[in-house]
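Visitor: Dropping a structure here in structure tokens format, bear with me for questions.
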Amino acid sequence: TACARPFAGRLADAGFARPVVATGGVLGAIGGAGHLVAPNPGTLIVARLVMGVGEAALFSGAIPWVLADTPPQRRGRVAGWFGLSMWGGLALGPVVAVGLNHLSGYRGVWWGVIVLGIASAALVLTTAGDNRDGDGLSPLPKSFREIVPVGASLPGLAFGLSSYGYGTVNALLVLHLHHDGIGGDSAALAVFAAGFLLARALGSPLVDRKGGVRVALGSLVVEAVGLLLVAGTGNEVLALAGTVLAGAGVALMYPATVAMTLHRTGALRPGTSVGVMTSYWDLGIMAAGPIGGLIAGHAGYP
């Protein structure tokens, strides 16, 4: 996903947003089918790679399409609300999967992925197309700077460091609450998701009013305070309150860093620059599980 995002964004910048996003849905369905039939770990890895490219195409390919007719003073809130599509899916996906597993077993889970991927592509194909012609931009980059624009990496690094907290919460929070007998482990991830979704839905307009840098700084402080509360308390209520704060802190980092990125790179190629920035999110999550696991293994869950 991290590697494919900038390329998906560039194709969208070149005027191919609709086919790129539709292809993302199809690739997601193919990846789900690969999970359903995989006879060995090698096939499973290929299926996950296909799924990762599909996610990149779906989300990063849609960014220029979404922002095309959005005035500059509203880009922060529109990016934030659009981002709810992906993070809402991440929050609700496990719940849907558990329901499918209860109804029809493990195979039903992956049939659900296949059907939803196909439905995603079908929805895109029934939507009015992107009217931009790409201003003659070549779909294929000719240099490193055409795929990694100057100005996208610093906001991306801030975004990736915040996503390390998100990834660590997903990997280790439930284990920590259970291991130390704090309680709340059954509700923790749902509470985190609720804080995230509520803050994103209500707070996205702040990016346009206060600016991306100020919102990002405030968000990182809130996230850090929430995680400190989780780490330093043995009380269930305080731990869950910290979890809500951590979720709310991460929530506005995406619209804030989108605003920072577009301010630094210009709005001419939003798919490429925001795609690069979002790749850091994937890298932060990718690092969080293994690094967090090493720390937990050597120092205990706290």
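Chain labels A, B, ... are given in the sequence in which chains occur in the structure tokens; within each chain residues are numbered consecutively from 1, and ligands are likewise numbered from 1 in the order shown.
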Might you pull out every residue within 9 Å of segment 225-228 of chain A, with only C-alpha atoms counted and same-chain residues fewer than 2 positions away left off, and present them as a ChimeraX atom specification?

Guide: /A:165,169,220-223,230-233,239,241-249

Visitor: Name all residues at most 12 Å from Leu90 of chain A (count only C-alpha atoms; drop same-chain ones fewer than 4 positions away) and give them as a tab-separated table (two decimals) with N, CA and C atoms, in the first residue's frame.

Guide:
```tsv
chain	number	residue	atom	x	y	z
A	55	GLU	N	-6.10	-1.14	-1.96
A	55	GLU	CA	-6.41	-0.09	-0.99
A	55	GLU	C	-5.78	1.24	-1.41
A	83	GLY	N	-11.80	11.22	4.42
A	83	GLY	CA	-10.99	10.21	5.10
A	83	GLY	C	-11.80	9.30	6.02
A	84	LEU	N	-12.96	9.79	6.47
A	84	LEU	CA	-13.82	8.94	7.30
A	84	LEU	C	-14.24	7.68	6.55
A	85	SER	N	-14.25	7.74	5.20
A	85	SER	CA	-14.63	6.54	4.44
A	85	SER	C	-13.67	5.39	4.74
A	86	MET	N	-12.36	5.70	4.75
A	86	MET	CA	-11.39	4.64	5.02
A	86	MET	C	-11.38	4.26	6.50
A	94	PRO	N	-13.97	-4.93	11.36
A	94	PRO	CA	-13.91	-6.08	12.27
A	94	PRO	C	-15.27	-6.51	12.81
A	95	VAL	N	-16.15	-5.53	13.05
A	95	VAL	CA	-17.50	-5.86	13.55
A	95	VAL	C	-18.27	-6.65	12.49
A	96	VAL	N	-18.21	-6.18	11.24
A	96	VAL	CA	-18.88	-6.88	10.14
A	96	VAL	C	-18.30	-8.28	9.97
A	97	ALA	N	-16.96	-8.37	10.06
A	97	ALA	CA	-16.31	-9.68	9.88
A	97	ALA	C	-16.72	-10.68	10.96
A	166	TYR	N	-1.14	4.87	16.72
A	166	TYR	CA	-2.36	4.17	16.29
A	166	TYR	C	-2.08	2.66	16.13
A	170	ASN	N	-3.57	-0.59	18.36
A	170	ASN	CA	-4.24	-1.75	17.75
A	170	ASN	C	-3.55	-3.06	18.13
A	189	LEU	N	-10.85	-1.01	22.02
A	189	LEU	CA	-10.70	-0.63	20.62
A	189	LEU	C	-11.96	0.07	20.10
A	190	ALA	N	-13.12	-0.33	20.59
A	190	ALA	CA	-14.35	0.35	20.19
A	190	ALA	C	-14.36	1.78	20.72
A	192	PHE	N	-11.68	3.59	21.41
A	192	PHE	CA	-10.68	4.31	20.61
A	192	PHE	C	-11.29	4.75	19.28
A	193	ALA	N	-11.99	3.83	18.61
A	193	ALA	CA	-12.62	4.14	17.32
A	193	ALA	C	-13.68	5.23	17.48
A	194	ALA	N	-14.45	5.18	18.57
A	194	ALA	CA	-15.48	6.19	18.79
A	194	ALA	C	-14.86	7.57	18.96
A	196	PHE	N	-11.99	8.54	17.83
A	196	PHE	CA	-11.41	8.90	16.53
A	196	PHE	C	-12.50	9.44	15.60
A	197	LEU	N	-13.56	8.68	15.42
A	197	LEU	CA	-14.59	9.06	14.45
A	197	LEU	C	-15.31	10.34	14.85
```

Visitor: For segment 282-285 of chain A, work out the shell of residues within 6 Å, counting only C-alpha atoms and skipping chain neighbours fewer than 3 positions away, then give it as a list in words.

Guide: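 Contacts, with the query itself left out: Ala2, Gly160, Ser163, Tyr164, Gly167, Ser279 and Ala288 of chain A.
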
Visitor: Name all residues at most 12 Å from Thr70 of chain A (count only C-alpha atoms; drop same-chain ones fewer than 6 positions away) and give them as a compact mmCIF listing (two decimals) with C-alpha atoms, in the first residue's frame.

Guide:
```
# COMPACT_ATOMS: atom_id res chain seq x y z
CA ILE A 63 -8.11 12.29 -3.54
CA PRO A 64 -7.74 14.48 -6.69
CA GLY A 76 -9.11 20.56 5.20
CA ARG A 77 -12.65 19.68 6.19
CA VAL A 78 -13.42 17.92 2.89
CA ALA A 79 -10.24 15.81 3.15
CA ALA A 267 -2.61 21.99 -5.19
CA PRO A 270 -2.75 16.61 -5.02
```

Visitor: Do you have the atom CA of Gly195 of chain A-atom CA of Val274 of chain A distance handy?

Guide: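 Atom-to-atom, atom CA of Gly195 of chain A to atom CA of Val274 of chain A, that is 24.3 Å.
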
Visitor: Skipping near chain neighbours, those fewer than 5 positions away, what residues fall within 12 Å of Gly93 of chain A using only C-alpha atoms, listed as a list in words?

Guide: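 Skipping anything fewer than 5 positions along the chain leaves Ser85, Met86, Trp87, Gly88, Val98, Gly99, Leu100, Val109, Trp110, Gly112, Val113, Leu116, Ala190 and Ala193 of chain A.
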
Visitor: Nearest to Ser219 of chain A among A:Leu157, A:Val191, A:Val21, A:Met253, with distances taken over only C-alpha atoms: which residue is it?

Guide: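 Closest candidate: A:Met253.
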
Visitor: Excluding same-chain residues fewer than 4 positions from Val20 of chain A, what lies within 9 Å of it counting only C-alpha atoms, as a list in words?

Guide: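 Near neighbours after the sequence-gap exclusion: Ala8, Gly9, Leu11, Ala12, Phe16, Gly24, Ala57, Leu58, Gly61 and Ala62 of chain A.
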
Visitor: As number ranges by chain, which residues of segment 6-242 of chain A does DSSP assign to alpha helix (DSSP H)?

Guide: A: 6-11, 17-37, 41-60, 63-67, 75-125, 144-147, 153-179, 188-203, 205-210, 212-232, 236-242

Visitor: For Ser153 of chain A, please output as an MDAnalysis selection string all residues within 10 Å (counting only C-alpha atoms; exclusion window: fewer than 2 positions along the same chain).

Guide: chainID A and resid 148:151 155:160 261 273:274 276:280

Visitor: Kindly save the residues from that selection, with C-alpha atoms included, as a PDB file, in the first residue's frame.

Guide:
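To be explicit, this is the file written out as out_14.pdb:
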```pdb
ATOM      1  CA  VAL A 148       7.957  12.176  -4.401  1.00  0.00           C
ATOM      2  CA  PRO A 149       7.341  15.953  -4.612  1.00  0.00           C
ATOM      3  CA  VAL A 150       9.447  18.346  -2.552  1.00  0.00           C
ATOM      4  CA  GLY A 151       7.467  19.348   0.524  1.00  0.00           C
ATOM      5  CA  PRO A 155       4.132  16.431   6.839  1.00  0.00           C
ATOM      6  CA  GLY A 156       4.285  12.738   5.963  1.00  0.00           C
ATOM      7  CA  LEU A 157       6.877  12.093   8.669  1.00  0.00           C
ATOM      8  CA  ALA A 158       4.680  13.827  11.268  1.00  0.00           C
ATOM      9  CA  PHE A 159       1.716  11.751  10.073  1.00  0.00           C
ATOM     10  CA  GLY A 160       3.732   8.529  10.197  1.00  0.00           C
ATOM     11  CA  THR A 261       1.183  19.096   2.254  1.00  0.00           C
ATOM     12  CA  SER A 273       1.754  14.626  -3.007  1.00  0.00           C
ATOM     13  CA  VAL A 274      -1.008  13.432  -0.660  1.00  0.00           C
ATOM     14  CA  VAL A 276       3.294  10.169  -0.679  1.00  0.00           C
ATOM     15  CA  MET A 277       2.229  11.769   2.600  1.00  0.00           C
ATOM     16  CA  THR A 278      -0.281   8.986   3.309  1.00  0.00           C
ATOM     17  CA  SER A 279       2.372   6.339   2.613  1.00  0.00           C
ATOM     18  CA  TYR A 280       4.068   7.417   5.831  1.00  0.00           C
TER      19      TYR A 280
END
```

Visitor: Between atom CA of Leu252 of chain A and atom CA of Asp208 of chain A, what is the distance, to one decimal in Å?

Guide: 11.7 Å

Visitor: Of the candidates A:Ile147, A:Ala251, A:Leu238, A:Leu125, which shows the shortest atom-to-atom distance to Gly183 of chain A, using only C-alpha atoms?

Guide: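 Ranking A:Ile147, A:Ala251, A:Leu238, A:Leu125 by distance to Gly183 of chain A, first place goes to A:Leu238.
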